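Structure below is work.csv: CSV, N, CA and C atoms.
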```csv
chain,number,residue,atom,x,y,z
A,21,MET,N,-43.2,-28.1,-78.0
A,21,MET,CA,-43.3,-29.1,-77.0
A,21,MET,C,-42.7,-30.4,-77.5
A,22,SER,N,-41.7,-31.0,-76.9
A,22,SER,CA,-41.1,-32.2,-77.4
A,22,SER,C,-41.9,-33.4,-77.0
A,23,HIS,N,-41.8,-34.4,-77.8
A,23,HIS,CA,-42.3,-35.7,-77.5
A,23,HIS,C,-41.2,-36.5,-76.9
A,24,PHE,N,-41.5,-37.5,-76.1
A,24,PHE,CA,-40.4,-38.3,-75.5
A,24,PHE,C,-40.3,-39.7,-76.1
A,25,THR,N,-39.1,-40.2,-76.2
A,25,THR,CA,-38.9,-41.5,-76.8
A,25,THR,C,-38.4,-42.4,-75.6
A,26,SER,N,-38.8,-43.6,-75.6
A,26,SER,CA,-38.4,-44.6,-74.6
A,26,SER,C,-37.5,-45.6,-75.2
A,27,ILE,N,-36.4,-45.9,-74.4
A,27,ILE,CA,-35.4,-46.9,-74.9
A,27,ILE,C,-35.2,-47.9,-73.8
A,28,GLN,N,-35.5,-49.2,-74.1
A,28,GLN,CA,-35.4,-50.2,-73.1
A,28,GLN,C,-33.9,-50.5,-72.8
A,29,THR,N,-33.6,-50.7,-71.5
A,29,THR,CA,-32.2,-51.1,-71.2
A,29,THR,C,-32.3,-52.4,-70.3
A,30,GLU,N,-31.1,-52.9,-70.0
A,30,GLU,CA,-30.9,-54.0,-69.1
A,30,GLU,C,-30.5,-53.5,-67.8
A,31,ILE,N,-30.5,-52.3,-67.6
A,31,ILE,CA,-30.1,-51.6,-66.3
A,31,ILE,C,-31.1,-52.0,-65.2
A,32,ARG,N,-30.7,-52.4,-64.1
A,32,ARG,CA,-31.6,-52.8,-63.0
A,32,ARG,C,-31.3,-52.2,-61.6
A,33,GLN,N,-30.0,-51.9,-61.4
A,33,GLN,CA,-29.6,-51.4,-60.1
A,33,GLN,C,-29.3,-49.9,-60.1
A,34,ILE,N,-30.0,-49.2,-59.3
A,34,ILE,CA,-29.9,-47.7,-59.3
A,34,ILE,C,-28.4,-47.3,-58.9
A,35,GLU,N,-27.8,-48.0,-58.0
A,35,GLU,CA,-26.5,-47.6,-57.5
A,35,GLU,C,-25.5,-47.5,-58.7
A,36,TYR,N,-25.5,-48.5,-59.6
A,36,TYR,CA,-24.6,-48.6,-60.7
A,36,TYR,C,-25.1,-47.7,-61.8
A,37,LEU,N,-26.4,-47.5,-61.9
A,37,LEU,CA,-26.9,-46.5,-62.9
A,37,LEU,C,-26.4,-45.1,-62.6
A,38,THR,N,-26.5,-44.7,-61.3
A,38,THR,CA,-26.0,-43.4,-61.0
A,38,THR,C,-24.5,-43.2,-61.2
A,39,LYS,N,-23.7,-44.3,-60.9
A,39,LYS,CA,-22.3,-44.2,-61.1
A,39,LYS,C,-22.0,-44.1,-62.6
A,40,GLY,N,-22.7,-44.9,-63.4
A,40,GLY,CA,-22.6,-44.8,-64.9
A,40,GLY,C,-22.9,-43.4,-65.4
A,41,LEU,N,-24.0,-42.8,-64.9
A,41,LEU,CA,-24.4,-41.4,-65.3
A,41,LEU,C,-23.3,-40.4,-64.9
A,42,ALA,N,-22.7,-40.6,-63.7
A,42,ALA,CA,-21.5,-39.8,-63.3
A,42,ALA,C,-20.4,-39.9,-64.3
A,43,ASP,N,-20.1,-41.1,-64.7
A,43,ASP,CA,-19.0,-41.3,-65.7
A,43,ASP,C,-19.3,-40.6,-67.0
A,44,MET,N,-20.6,-40.4,-67.3
A,44,MET,CA,-21.0,-39.7,-68.5
A,44,MET,C,-21.2,-38.2,-68.3
A,45,GLY,N,-20.8,-37.7,-67.1
A,45,GLY,CA,-20.8,-36.3,-66.9
A,45,GLY,C,-22.0,-35.8,-66.1
A,46,PHE,N,-22.8,-36.6,-65.6
A,46,PHE,CA,-24.0,-36.2,-64.8
A,46,PHE,C,-23.8,-36.6,-63.3
A,47,ASP,N,-23.2,-35.7,-62.5
A,47,ASP,CA,-23.0,-35.9,-61.1
A,47,ASP,C,-24.3,-35.6,-60.3
A,48,SER,N,-25.2,-34.8,-60.8
A,48,SER,CA,-26.4,-34.4,-60.1
A,48,SER,C,-27.5,-35.2,-60.6
A,49,VAL,N,-27.9,-36.3,-59.9
A,49,VAL,CA,-28.9,-37.2,-60.4
A,49,VAL,C,-29.9,-37.3,-59.2
A,50,GLU,N,-31.2,-37.2,-59.5
A,50,GLU,CA,-32.2,-37.4,-58.5
A,50,GLU,C,-32.7,-38.9,-58.5
A,51,VAL,N,-32.8,-39.4,-57.3
A,51,VAL,CA,-33.3,-40.8,-57.2
A,51,VAL,C,-34.6,-40.7,-56.3
A,52,HIS,N,-35.7,-41.3,-56.8
A,52,HIS,CA,-36.9,-41.3,-56.1
A,52,HIS,C,-37.5,-42.7,-55.9
A,53,GLU,N,-38.1,-42.9,-54.8
A,53,GLU,CA,-38.7,-44.3,-54.6
A,53,GLU,C,-39.9,-44.5,-55.6
A,54,PHE,N,-40.6,-43.5,-55.8
A,54,PHE,CA,-41.8,-43.6,-56.8
A,54,PHE,C,-41.5,-42.6,-57.9
A,55,PRO,N,-42.1,-42.9,-59.1
A,55,PRO,CA,-42.0,-42.0,-60.2
A,55,PRO,C,-42.4,-40.6,-59.9
A,56,VAL,N,-41.7,-39.6,-60.4
A,56,VAL,CA,-42.0,-38.2,-60.3
A,56,VAL,C,-42.0,-37.6,-61.7
A,57,PRO,N,-42.7,-36.5,-61.9
A,57,PRO,CA,-42.8,-35.9,-63.3
A,57,PRO,C,-41.5,-35.5,-63.9
A,58,LEU,N,-41.4,-35.6,-65.2
A,58,LEU,CA,-40.3,-35.0,-65.9
A,58,LEU,C,-40.8,-33.6,-66.4
A,59,TYR,N,-39.8,-32.7,-66.6
A,59,TYR,CA,-40.2,-31.4,-67.1
A,59,TYR,C,-39.6,-31.1,-68.5
A,60,GLY,N,-40.3,-30.3,-69.2
A,60,GLY,CA,-39.9,-29.9,-70.6
A,60,GLY,C,-39.0,-28.7,-70.5
A,61,PHE,N,-38.5,-28.3,-71.6
A,61,PHE,CA,-37.5,-27.2,-71.6
A,61,PHE,C,-38.0,-25.9,-71.1
A,62,GLU,N,-39.3,-25.7,-71.2
A,62,GLU,CA,-39.9,-24.4,-70.7
A,62,GLU,C,-40.4,-24.6,-69.3
A,63,GLY,N,-40.0,-25.7,-68.6
A,63,GLY,CA,-40.4,-25.9,-67.2
A,63,GLY,C,-41.8,-26.5,-67.1
A,64,ASP,N,-42.4,-26.9,-68.2
A,64,ASP,CA,-43.7,-27.5,-68.2
A,64,ASP,C,-43.6,-28.9,-67.7
A,65,VAL,N,-44.6,-29.3,-66.9
A,65,VAL,CA,-44.7,-30.7,-66.4
A,65,VAL,C,-45.2,-31.6,-67.5
A,66,ARG,N,-44.5,-32.7,-67.7
A,66,ARG,CA,-44.8,-33.6,-68.8
A,66,ARG,C,-45.6,-34.8,-68.3
A,67,GLU,N,-46.3,-35.5,-69.1
A,67,GLU,CA,-47.0,-36.7,-68.7
A,67,GLU,C,-46.0,-37.8,-68.3
A,68,GLU,N,-44.8,-37.8,-68.8
A,68,GLU,CA,-43.8,-38.8,-68.4
A,68,GLU,C,-43.3,-38.6,-67.0
A,69,SER,N,-43.0,-39.7,-66.4
A,69,SER,CA,-42.4,-39.7,-65.0
A,69,SER,C,-41.3,-40.7,-64.9
A,70,ALA,N,-40.5,-40.6,-63.9
A,70,ALA,CA,-39.4,-41.6,-63.7
A,70,ALA,C,-38.9,-41.6,-62.3
A,71,GLU,N,-38.2,-42.6,-61.9
A,71,GLU,CA,-37.6,-42.7,-60.6
A,71,GLU,C,-36.2,-42.1,-60.5
A,72,VAL,N,-35.4,-42.2,-61.6
A,72,VAL,CA,-34.1,-41.6,-61.7
A,72,VAL,C,-34.1,-40.5,-62.8
A,73,ILE,N,-33.7,-39.3,-62.4
A,73,ILE,CA,-33.8,-38.2,-63.3
A,73,ILE,C,-32.5,-37.3,-63.3
A,74,VAL,N,-32.1,-36.9,-64.5
A,74,VAL,CA,-31.2,-35.9,-64.7
A,74,VAL,C,-32.0,-34.7,-65.1
A,75,ARG,N,-32.0,-33.7,-64.3
A,75,ARG,CA,-32.8,-32.5,-64.6
A,75,ARG,C,-32.2,-31.7,-65.7
A,76,ARG,N,-33.1,-31.0,-66.5
A,76,ARG,CA,-32.7,-30.3,-67.7
A,76,ARG,C,-31.6,-29.2,-67.4
A,77,LYS,N,-31.6,-28.6,-66.2
A,77,LYS,CA,-30.6,-27.6,-65.9
A,77,LYS,C,-29.2,-28.1,-65.9
A,78,PHE,N,-29.1,-29.5,-65.7
A,78,PHE,CA,-27.7,-30.1,-65.8
A,78,PHE,C,-27.4,-30.6,-67.2
A,79,ILE,N,-28.3,-30.4,-68.1
A,79,ILE,CA,-28.0,-30.8,-69.5
A,79,ILE,C,-27.7,-29.6,-70.4
A,80,SER,N,-28.7,-28.8,-70.6
A,80,SER,CA,-28.6,-27.5,-71.3
A,80,SER,C,-29.8,-26.7,-71.1
A,81,SER,N,-29.8,-25.4,-71.4
A,81,SER,CA,-30.9,-24.5,-71.2
A,81,SER,C,-32.1,-24.9,-72.1
A,82,ARG,N,-31.8,-25.6,-73.2
A,82,ARG,CA,-32.8,-25.9,-74.2
A,82,ARG,C,-33.3,-27.3,-74.1
A,83,SER,N,-32.8,-28.1,-73.1
A,83,SER,CA,-33.1,-29.5,-72.9
A,83,SER,C,-34.3,-29.7,-72.1
A,84,ASN,N,-34.8,-31.0,-72.1
A,84,ASN,CA,-35.8,-31.5,-71.3
A,84,ASN,C,-35.1,-32.4,-70.3
A,85,ASP,N,-35.8,-32.8,-69.2
A,85,ASP,CA,-35.3,-33.8,-68.3
A,85,ASP,C,-35.0,-35.1,-69.0
A,86,ILE,N,-34.0,-35.9,-68.5
A,86,ILE,CA,-33.8,-37.2,-69.0
A,86,ILE,C,-34.2,-38.1,-67.8
A,87,GLY,N,-35.0,-39.1,-68.0
A,87,GLY,CA,-35.4,-40.0,-66.9
A,87,GLY,C,-35.2,-41.5,-67.2
A,88,PHE,N,-35.2,-42.2,-66.1
A,88,PHE,CA,-35.1,-43.7,-66.2
A,88,PHE,C,-36.2,-44.2,-65.3
A,89,LYS,N,-37.2,-44.9,-66.0
A,89,LYS,CA,-38.4,-45.4,-65.4
A,89,LYS,C,-38.3,-46.9,-65.2
A,90,ARG,N,-38.6,-47.3,-63.9
A,90,ARG,CA,-38.5,-48.7,-63.6
A,90,ARG,C,-39.7,-49.4,-64.3
A,91,GLN,N,-39.4,-50.6,-64.9
A,91,GLN,CA,-40.4,-51.4,-65.6
A,91,GLN,C,-40.9,-52.5,-64.7
A,92,ALA,N,-41.9,-53.2,-65.1
A,92,ALA,CA,-42.5,-54.3,-64.2
A,92,ALA,C,-41.4,-55.4,-64.0
A,93,ASP,N,-40.5,-55.6,-64.9
A,93,ASP,CA,-39.5,-56.7,-64.8
A,93,ASP,C,-38.3,-56.2,-64.0
A,94,GLY,N,-38.3,-55.0,-63.5
A,94,GLY,CA,-37.2,-54.5,-62.7
A,94,GLY,C,-36.2,-53.7,-63.5
A,95,SER,N,-36.2,-53.7,-64.8
A,95,SER,CA,-35.3,-53.0,-65.6
A,95,SER,C,-35.7,-51.5,-65.7
A,96,PHE,N,-34.8,-50.7,-66.2
A,96,PHE,CA,-35.2,-49.3,-66.4
A,96,PHE,C,-35.3,-49.0,-67.9
A,97,MET,N,-36.3,-48.1,-68.2
A,97,MET,CA,-36.5,-47.6,-69.5
A,97,MET,C,-36.0,-46.2,-69.5
A,98,ALA,N,-35.1,-45.8,-70.5
A,98,ALA,CA,-34.6,-44.5,-70.6
A,98,ALA,C,-35.7,-43.7,-71.3
A,99,VAL,N,-36.1,-42.5,-70.7
A,99,VAL,CA,-37.1,-41.6,-71.3
A,99,VAL,C,-36.4,-40.3,-71.7
A,100,ILE,N,-36.3,-40.1,-73.0
A,100,ILE,CA,-35.5,-39.0,-73.6
A,100,ILE,C,-36.3,-38.2,-74.6
A,101,SER,N,-36.3,-36.9,-74.5
A,101,SER,CA,-37.1,-36.2,-75.5
A,101,SER,C,-36.6,-36.3,-76.9
A,102,ASP,N,-37.4,-36.1,-77.9
A,102,ASP,CA,-37.0,-36.2,-79.2
A,102,ASP,C,-35.9,-35.2,-79.5
A,103,TYR,N,-36.0,-34.0,-78.9
A,103,TYR,CA,-35.0,-32.9,-79.1
A,103,TYR,C,-33.7,-33.4,-78.5
A,104,ASP,N,-33.7,-34.0,-77.3
A,104,ASP,CA,-32.4,-34.4,-76.7
A,104,ASP,C,-31.9,-35.7,-77.3
A,105,SER,N,-32.7,-36.4,-78.0
A,105,SER,CA,-32.2,-37.7,-78.5
A,105,SER,C,-31.2,-37.5,-79.6
A,106,ARG,N,-31.1,-36.3,-80.1
A,106,ARG,CA,-30.0,-36.0,-81.1
A,106,ARG,C,-28.6,-36.2,-80.4
A,107,GLU,N,-28.5,-35.8,-79.2
A,107,GLU,CA,-27.2,-36.0,-78.5
A,107,GLU,C,-27.3,-37.3,-77.6
A,108,TYR,N,-28.4,-37.5,-77.0
A,108,TYR,CA,-28.5,-38.6,-76.1
A,108,TYR,C,-29.4,-39.7,-76.7
A,109,SER,N,-28.8,-40.3,-77.8
A,109,SER,CA,-29.5,-41.3,-78.6
A,109,SER,C,-29.3,-42.7,-78.0
A,110,GLY,N,-29.7,-43.7,-78.9
A,110,GLY,CA,-29.5,-45.1,-78.5
A,110,GLY,C,-28.0,-45.4,-78.3
A,111,GLU,N,-27.1,-44.7,-79.1
A,111,GLU,CA,-25.7,-44.9,-78.9
A,111,GLU,C,-25.2,-44.4,-77.5
A,112,TRP,N,-25.8,-43.3,-77.1
A,112,TRP,CA,-25.5,-42.8,-75.7
A,112,TRP,C,-26.0,-43.7,-74.7
A,113,VAL,N,-27.2,-44.3,-74.8
A,113,VAL,CA,-27.7,-45.2,-73.9
A,113,VAL,C,-26.9,-46.5,-73.9
A,114,LYS,N,-26.3,-46.9,-75.0
A,114,LYS,CA,-25.4,-48.0,-75.1
A,114,LYS,C,-24.2,-47.8,-74.3
A,115,ALA,N,-23.6,-46.6,-74.5
A,115,ALA,CA,-22.4,-46.2,-73.7
A,115,ALA,C,-22.7,-46.2,-72.2
A,116,LEU,N,-23.8,-45.6,-71.9
A,116,LEU,CA,-24.2,-45.6,-70.4
A,116,LEU,C,-24.4,-47.1,-69.9
A,117,SER,N,-25.0,-47.9,-70.7
A,117,SER,CA,-25.1,-49.3,-70.3
A,117,SER,C,-23.8,-50.0,-70.1
A,118,GLN,N,-22.8,-49.7,-70.9
A,118,GLN,CA,-21.4,-50.2,-70.7
A,118,GLN,C,-20.8,-49.7,-69.4
A,119,ARG,N,-21.0,-48.5,-69.1
A,119,ARG,CA,-20.5,-47.9,-67.9
A,119,ARG,C,-21.2,-48.6,-66.7
A,120,TYR,N,-22.5,-48.8,-66.8
A,120,TYR,CA,-23.3,-49.5,-65.8
A,120,TYR,C,-22.7,-50.9,-65.6
A,121,ALA,N,-22.5,-51.6,-66.7
A,121,ALA,CA,-22.0,-53.0,-66.6
A,121,ALA,C,-20.6,-53.0,-65.9
A,122,TYR,N,-19.8,-52.1,-66.2
A,122,TYR,CA,-18.5,-52.0,-65.6
A,122,TYR,C,-18.6,-51.8,-64.0
A,123,HIS,N,-19.5,-50.9,-63.6
A,123,HIS,CA,-19.6,-50.7,-62.2
A,123,HIS,C,-20.3,-51.9,-61.5
A,124,ALA,N,-21.3,-52.5,-62.2
A,124,ALA,CA,-21.9,-53.7,-61.7
A,124,ALA,C,-20.9,-54.8,-61.5
A,125,LEU,N,-20.0,-55.0,-62.4
A,125,LEU,CA,-19.0,-56.0,-62.3
A,125,LEU,C,-18.0,-55.7,-61.1
A,126,ILE,N,-17.5,-54.5,-61.1
A,126,ILE,CA,-16.6,-54.1,-60.0
A,126,ILE,C,-17.3,-54.2,-58.7
A,127,GLY,N,-18.5,-53.8,-58.6
A,127,GLY,CA,-19.3,-53.8,-57.4
A,127,GLY,C,-19.7,-55.2,-56.9
A,128,THR,N,-20.0,-56.1,-57.8
A,128,THR,CA,-20.5,-57.4,-57.3
A,128,THR,C,-19.5,-58.5,-57.3
A,129,ALA,N,-18.4,-58.3,-58.0
A,129,ALA,CA,-17.4,-59.4,-58.1
A,129,ALA,C,-16.9,-59.8,-56.7
A,130,PRO,N,-16.5,-58.9,-55.8
A,130,PRO,CA,-16.1,-59.3,-54.5
A,130,PRO,C,-17.1,-60.0,-53.6
A,131,GLN,N,-18.4,-59.7,-53.8
A,131,GLN,CA,-19.5,-60.3,-53.1
A,131,GLN,C,-19.6,-61.8,-53.5
A,132,GLN,N,-19.1,-62.1,-54.7
A,132,GLN,CA,-19.2,-63.4,-55.3
A,132,GLN,C,-17.9,-64.2,-55.1
A,133,GLY,N,-17.0,-63.6,-54.4
A,133,GLY,CA,-15.7,-64.3,-54.1
A,133,GLY,C,-14.6,-64.0,-55.2
A,134,PHE,N,-14.8,-63.1,-56.0
A,134,PHE,CA,-13.8,-62.8,-57.1
A,134,PHE,C,-13.1,-61.5,-56.7
A,135,THR,N,-11.9,-61.4,-57.2
A,135,THR,CA,-11.1,-60.2,-57.0
A,135,THR,C,-10.7,-59.6,-58.4
A,136,VAL,N,-10.6,-58.3,-58.5
A,136,VAL,CA,-10.2,-57.7,-59.7
A,136,VAL,C,-8.6,-57.8,-59.8
A,137,GLU,N,-8.2,-58.6,-60.8
A,137,GLU,CA,-6.7,-58.9,-60.9
A,137,GLU,C,-6.1,-57.8,-61.8
A,138,GLU,N,-6.8,-57.3,-62.8
A,138,GLU,CA,-6.1,-56.4,-63.7
A,138,GLU,C,-7.2,-55.6,-64.4
A,139,GLU,N,-6.9,-54.3,-64.7
A,139,GLU,CA,-7.9,-53.4,-65.3
A,139,GLU,C,-7.1,-52.6,-66.3
A,140,GLU,N,-7.5,-52.5,-67.6
A,140,GLU,CA,-6.8,-51.8,-68.6
A,140,GLU,C,-7.8,-51.1,-69.5
A,141,VAL,N,-7.5,-49.8,-69.9
A,141,VAL,CA,-8.3,-49.1,-70.8
A,141,VAL,C,-7.6,-49.2,-72.2
A,142,LEU,N,-8.2,-49.8,-73.2
A,142,LEU,CA,-7.6,-50.0,-74.5
A,142,LEU,C,-7.8,-48.7,-75.3
A,143,GLU,N,-7.0,-48.6,-76.4
A,143,GLU,CA,-7.0,-47.4,-77.3
A,143,GLU,C,-8.4,-47.0,-77.7
A,144,ASP,N,-9.3,-47.9,-77.9
A,144,ASP,CA,-10.7,-47.6,-78.4
A,144,ASP,C,-11.6,-47.2,-77.3
A,145,GLY,N,-11.1,-47.2,-76.0
A,145,GLY,CA,-11.9,-46.8,-74.9
A,145,GLY,C,-12.5,-48.0,-74.2
A,146,THR,N,-12.3,-49.2,-74.7
A,146,THR,CA,-12.8,-50.4,-74.1
A,146,THR,C,-12.1,-50.6,-72.8
A,147,ILE,N,-12.8,-51.1,-71.8
A,147,ILE,CA,-12.1,-51.4,-70.5
A,147,ILE,C,-12.0,-52.9,-70.4
A,148,ARG,N,-10.8,-53.4,-70.3
A,148,ARG,CA,-10.6,-54.8,-70.1
A,148,ARG,C,-10.3,-55.1,-68.7
A,149,VAL,N,-11.2,-56.0,-68.1
A,149,VAL,CA,-11.1,-56.3,-66.7
A,149,VAL,C,-10.9,-57.8,-66.5
A,150,ILE,N,-9.9,-58.2,-65.8
A,150,ILE,CA,-9.6,-59.6,-65.5
A,150,ILE,C,-9.9,-59.8,-64.0
A,151,ILE,N,-10.8,-60.7,-63.8
A,151,ILE,CA,-11.2,-61.1,-62.4
A,151,ILE,C,-10.7,-62.5,-62.1
A,152,GLY,N,-10.4,-62.8,-60.9
A,152,GLY,CA,-10.0,-64.2,-60.5
A,152,GLY,C,-10.6,-64.6,-59.2
A,153,GLN,N,-10.6,-65.9,-59.0
A,153,GLN,CA,-11.1,-66.4,-57.8
A,153,GLN,C,-10.1,-67.5,-57.3
A,154,TRP,N,-9.7,-67.3,-56.1
A,154,TRP,CA,-8.8,-68.3,-55.4
A,154,TRP,C,-9.7,-69.4,-54.8
A,155,VAL,N,-9.3,-70.7,-55.2
A,155,VAL,CA,-10.1,-71.8,-54.6
A,155,VAL,C,-9.2,-72.7,-53.8
```

What would you get if you wrote out this structure as structure tokens?
Amino acid sequence: MSHFTSIQTEIRQIEYLTKGLADMGFDSVEVHEFPVPLYGFEGDVREESAEVIVRRKFISSRSNDIGFKRQADGSFMAVISDYDSREYSGEWVKALSQRYAYHALIGTAPQQGFTVEEEEVLEDGTIRVIIGQWV
């Protein structure tokens, strides 16, 4: 039975979290209004719960669910089993947070009067986005 590790994030908007997860290879993501239980690799219900969940069947047959639980301040805490943290570690959460930030920028810039002028993927995988505003 795995223990779960929690990793605090700055992620706040579910729409951009699910888009970031899709970029990371997880197209099947559950979104719930209230926290629901996470399951262990043997299908056992865990004490941990979350509003945004990647079910273990979409990770691997030996994995546990990966969840994102909303905190009192509105941010999400990543809830990852110790077993799965070998592959889905703090570095993975950092990469997910970068994908989240990209989608948040692209999604909110037009609402704030900005347009995406240029977008480029650099050799190291960094995405360079130039936004502008006509005044």

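Checking A:Glu30, A:Ser80, A:Thr135, A:Glu140 one by one against Gly152 in chain A, counting only C-alpha atoms, you find the shortest gap at A:Thr135.
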
note - CA of Ala124 in chain A and CA of Ile151 in chain A are separated by 13.0 Å

Using DSSP secondary structure from the backbone, list all alpha helix (DSSP H) positions within range 34-129 of chain A, as a tab-separated table (two decimals) with N, CA and C atoms, in the frame of the given file.
```
chain	number	residue	atom	x	y	z
A	34	ILE	N	-30.00	-49.20	-59.30
A	34	ILE	CA	-29.90	-47.70	-59.30
A	34	ILE	C	-28.40	-47.30	-58.90
A	35	GLU	N	-27.80	-48.00	-58.00
A	35	GLU	CA	-26.50	-47.60	-57.50
A	35	GLU	C	-25.50	-47.50	-58.70
A	36	TYR	N	-25.50	-48.50	-59.60
A	36	TYR	CA	-24.60	-48.60	-60.70
A	36	TYR	C	-25.10	-47.70	-61.80
A	37	LEU	N	-26.40	-47.50	-61.90
A	37	LEU	CA	-26.90	-46.50	-62.90
A	37	LEU	C	-26.40	-45.10	-62.60
A	38	THR	N	-26.50	-44.70	-61.30
A	38	THR	CA	-26.00	-43.40	-61.00
A	38	THR	C	-24.50	-43.20	-61.20
A	39	LYS	N	-23.70	-44.30	-60.90
A	39	LYS	CA	-22.30	-44.20	-61.10
A	39	LYS	C	-22.00	-44.10	-62.60
A	40	GLY	N	-22.70	-44.90	-63.40
A	40	GLY	CA	-22.60	-44.80	-64.90
A	40	GLY	C	-22.90	-43.40	-65.40
A	41	LEU	N	-24.00	-42.80	-64.90
A	41	LEU	CA	-24.40	-41.40	-65.30
A	41	LEU	C	-23.30	-40.40	-64.90
A	42	ALA	N	-22.70	-40.60	-63.70
A	42	ALA	CA	-21.50	-39.80	-63.30
A	42	ALA	C	-20.40	-39.90	-64.30
A	43	ASP	N	-20.10	-41.10	-64.70
A	43	ASP	CA	-19.00	-41.30	-65.70
A	43	ASP	C	-19.30	-40.60	-67.00
A	110	GLY	N	-29.70	-43.70	-78.90
A	110	GLY	CA	-29.50	-45.10	-78.50
A	110	GLY	C	-28.00	-45.40	-78.30
A	111	GLU	N	-27.10	-44.70	-79.10
A	111	GLU	CA	-25.70	-44.90	-78.90
A	111	GLU	C	-25.20	-44.40	-77.50
A	112	TRP	N	-25.80	-43.30	-77.10
A	112	TRP	CA	-25.50	-42.80	-75.70
A	112	TRP	C	-26.00	-43.70	-74.70
A	113	VAL	N	-27.20	-44.30	-74.80
A	113	VAL	CA	-27.70	-45.20	-73.90
A	113	VAL	C	-26.90	-46.50	-73.90
A	114	LYS	N	-26.30	-46.90	-75.00
A	114	LYS	CA	-25.40	-48.00	-75.10
A	114	LYS	C	-24.20	-47.80	-74.30
A	115	ALA	N	-23.60	-46.60	-74.50
A	115	ALA	CA	-22.40	-46.20	-73.70
A	115	ALA	C	-22.70	-46.20	-72.20
A	116	LEU	N	-23.80	-45.60	-71.90
A	116	LEU	CA	-24.20	-45.60	-70.40
A	116	LEU	C	-24.40	-47.10	-69.90
A	117	SER	N	-25.00	-47.90	-70.70
A	117	SER	CA	-25.10	-49.30	-70.30
A	117	SER	C	-23.80	-50.00	-70.10
A	118	GLN	N	-22.80	-49.70	-70.90
A	118	GLN	CA	-21.40	-50.20	-70.70
A	118	GLN	C	-20.80	-49.70	-69.40
A	119	ARG	N	-21.00	-48.50	-69.10
A	119	ARG	CA	-20.50	-47.90	-67.90
A	119	ARG	C	-21.20	-48.60	-66.70
A	120	TYR	N	-22.50	-48.80	-66.80
A	120	TYR	CA	-23.30	-49.50	-65.80
A	120	TYR	C	-22.70	-50.90	-65.60
A	121	ALA	N	-22.50	-51.60	-66.70
A	121	ALA	CA	-22.00	-53.00	-66.60
A	121	ALA	C	-20.60	-53.00	-65.90
A	122	TYR	N	-19.80	-52.10	-66.20
A	122	TYR	CA	-18.50	-52.00	-65.60
A	122	TYR	C	-18.60	-51.80	-64.00
A	123	HIS	N	-19.50	-50.90	-63.60
A	123	HIS	CA	-19.60	-50.70	-62.20
A	123	HIS	C	-20.30	-51.90	-61.50
A	124	ALA	N	-21.30	-52.50	-62.20
A	124	ALA	CA	-21.90	-53.70	-61.70
A	124	ALA	C	-20.90	-54.80	-61.50
A	125	LEU	N	-20.00	-55.00	-62.40
A	125	LEU	CA	-19.00	-56.00	-62.30
A	125	LEU	C	-18.00	-55.70	-61.10
A	126	ILE	N	-17.50	-54.50	-61.10
A	126	ILE	CA	-16.60	-54.10	-60.00
A	126	ILE	C	-17.30	-54.20	-58.70
A	127	GLY	N	-18.50	-53.80	-58.60
A	127	GLY	CA	-19.30	-53.80	-57.40
A	127	GLY	C	-19.70	-55.20	-56.90
A	128	THR	N	-20.00	-56.10	-57.80
A	128	THR	CA	-20.50	-57.40	-57.30
A	128	THR	C	-19.50	-58.50	-57.30
```

(message) Applying 6 Å and all atoms listed in the file, which residues near Tyr36 in chain A remain after dropping the ones on its own chain fewer than 5 positions away? List them as a ChimeraX atom specification.
(response) /A:41,120,123-124

Just write the chosen residues, N, CA and C atoms, as a CSV table (one decimal), in the coordinates of the input.
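What landed in out.csv:
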```
chain,number,residue,atom,x,y,z
A,41,LEU,N,-24.0,-42.8,-64.9
A,41,LEU,CA,-24.4,-41.4,-65.3
A,41,LEU,C,-23.3,-40.4,-64.9
A,120,TYR,N,-22.5,-48.8,-66.8
A,120,TYR,CA,-23.3,-49.5,-65.8
A,120,TYR,C,-22.7,-50.9,-65.6
A,123,HIS,N,-19.5,-50.9,-63.6
A,123,HIS,CA,-19.6,-50.7,-62.2
A,123,HIS,C,-20.3,-51.9,-61.5
A,124,ALA,N,-21.3,-52.5,-62.2
A,124,ALA,CA,-21.9,-53.7,-61.7
A,124,ALA,C,-20.9,-54.8,-61.5
```

Compile the contact shell of Phe134 in chain A as a tab-separated table (two decimals) with N, CA and C atoms, in the coordinates of the input: residues with an atom at most 8 Å away, counting only N, CA and C atoms, same-chain residues fewer than 3 positions apart removed.
```tsv
chain	number	residue	atom	x	y	z
A	128	THR	N	-20.00	-56.10	-57.80
A	128	THR	CA	-20.50	-57.40	-57.30
A	128	THR	C	-19.50	-58.50	-57.30
A	129	ALA	N	-18.40	-58.30	-58.00
A	129	ALA	CA	-17.40	-59.40	-58.10
A	129	ALA	C	-16.90	-59.80	-56.70
A	130	PRO	N	-16.50	-58.90	-55.80
A	130	PRO	CA	-16.10	-59.30	-54.50
A	130	PRO	C	-17.10	-60.00	-53.60
A	131	GLN	N	-18.40	-59.70	-53.80
A	131	GLN	CA	-19.50	-60.30	-53.10
A	131	GLN	C	-19.60	-61.80	-53.50
A	137	GLU	N	-8.20	-58.60	-60.80
A	137	GLU	CA	-6.70	-58.90	-60.90
A	137	GLU	C	-6.10	-57.80	-61.80
A	151	ILE	N	-10.80	-60.70	-63.80
A	151	ILE	CA	-11.20	-61.10	-62.40
A	151	ILE	C	-10.70	-62.50	-62.10
A	152	GLY	N	-10.40	-62.80	-60.90
A	152	GLY	CA	-10.00	-64.20	-60.50
A	152	GLY	C	-10.60	-64.60	-59.20
A	153	GLN	N	-10.60	-65.90	-59.00
A	153	GLN	CA	-11.10	-66.40	-57.80
A	153	GLN	C	-10.10	-67.50	-57.30
A	154	TRP	N	-9.70	-67.30	-56.10
A	154	TRP	CA	-8.80	-68.30	-55.40
A	154	TRP	C	-9.70	-69.40	-54.80
```

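Atom pair CA of Thr38 in chain A / CA of Glu107 in chain A has a distance of 19.0 Å (rounded to one decimal).
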
One decimal place gives the CA of Glu67 in chain A-CA of Ser101 in chain A separation as 12.0 Å

Problem - Selection near range 71-73 of chain A, 6 Å with only C-alpha atoms, sequence-local residues under 5 positions removed, as number ranges by chain - result: A: 49-52, 54-55, 86-89
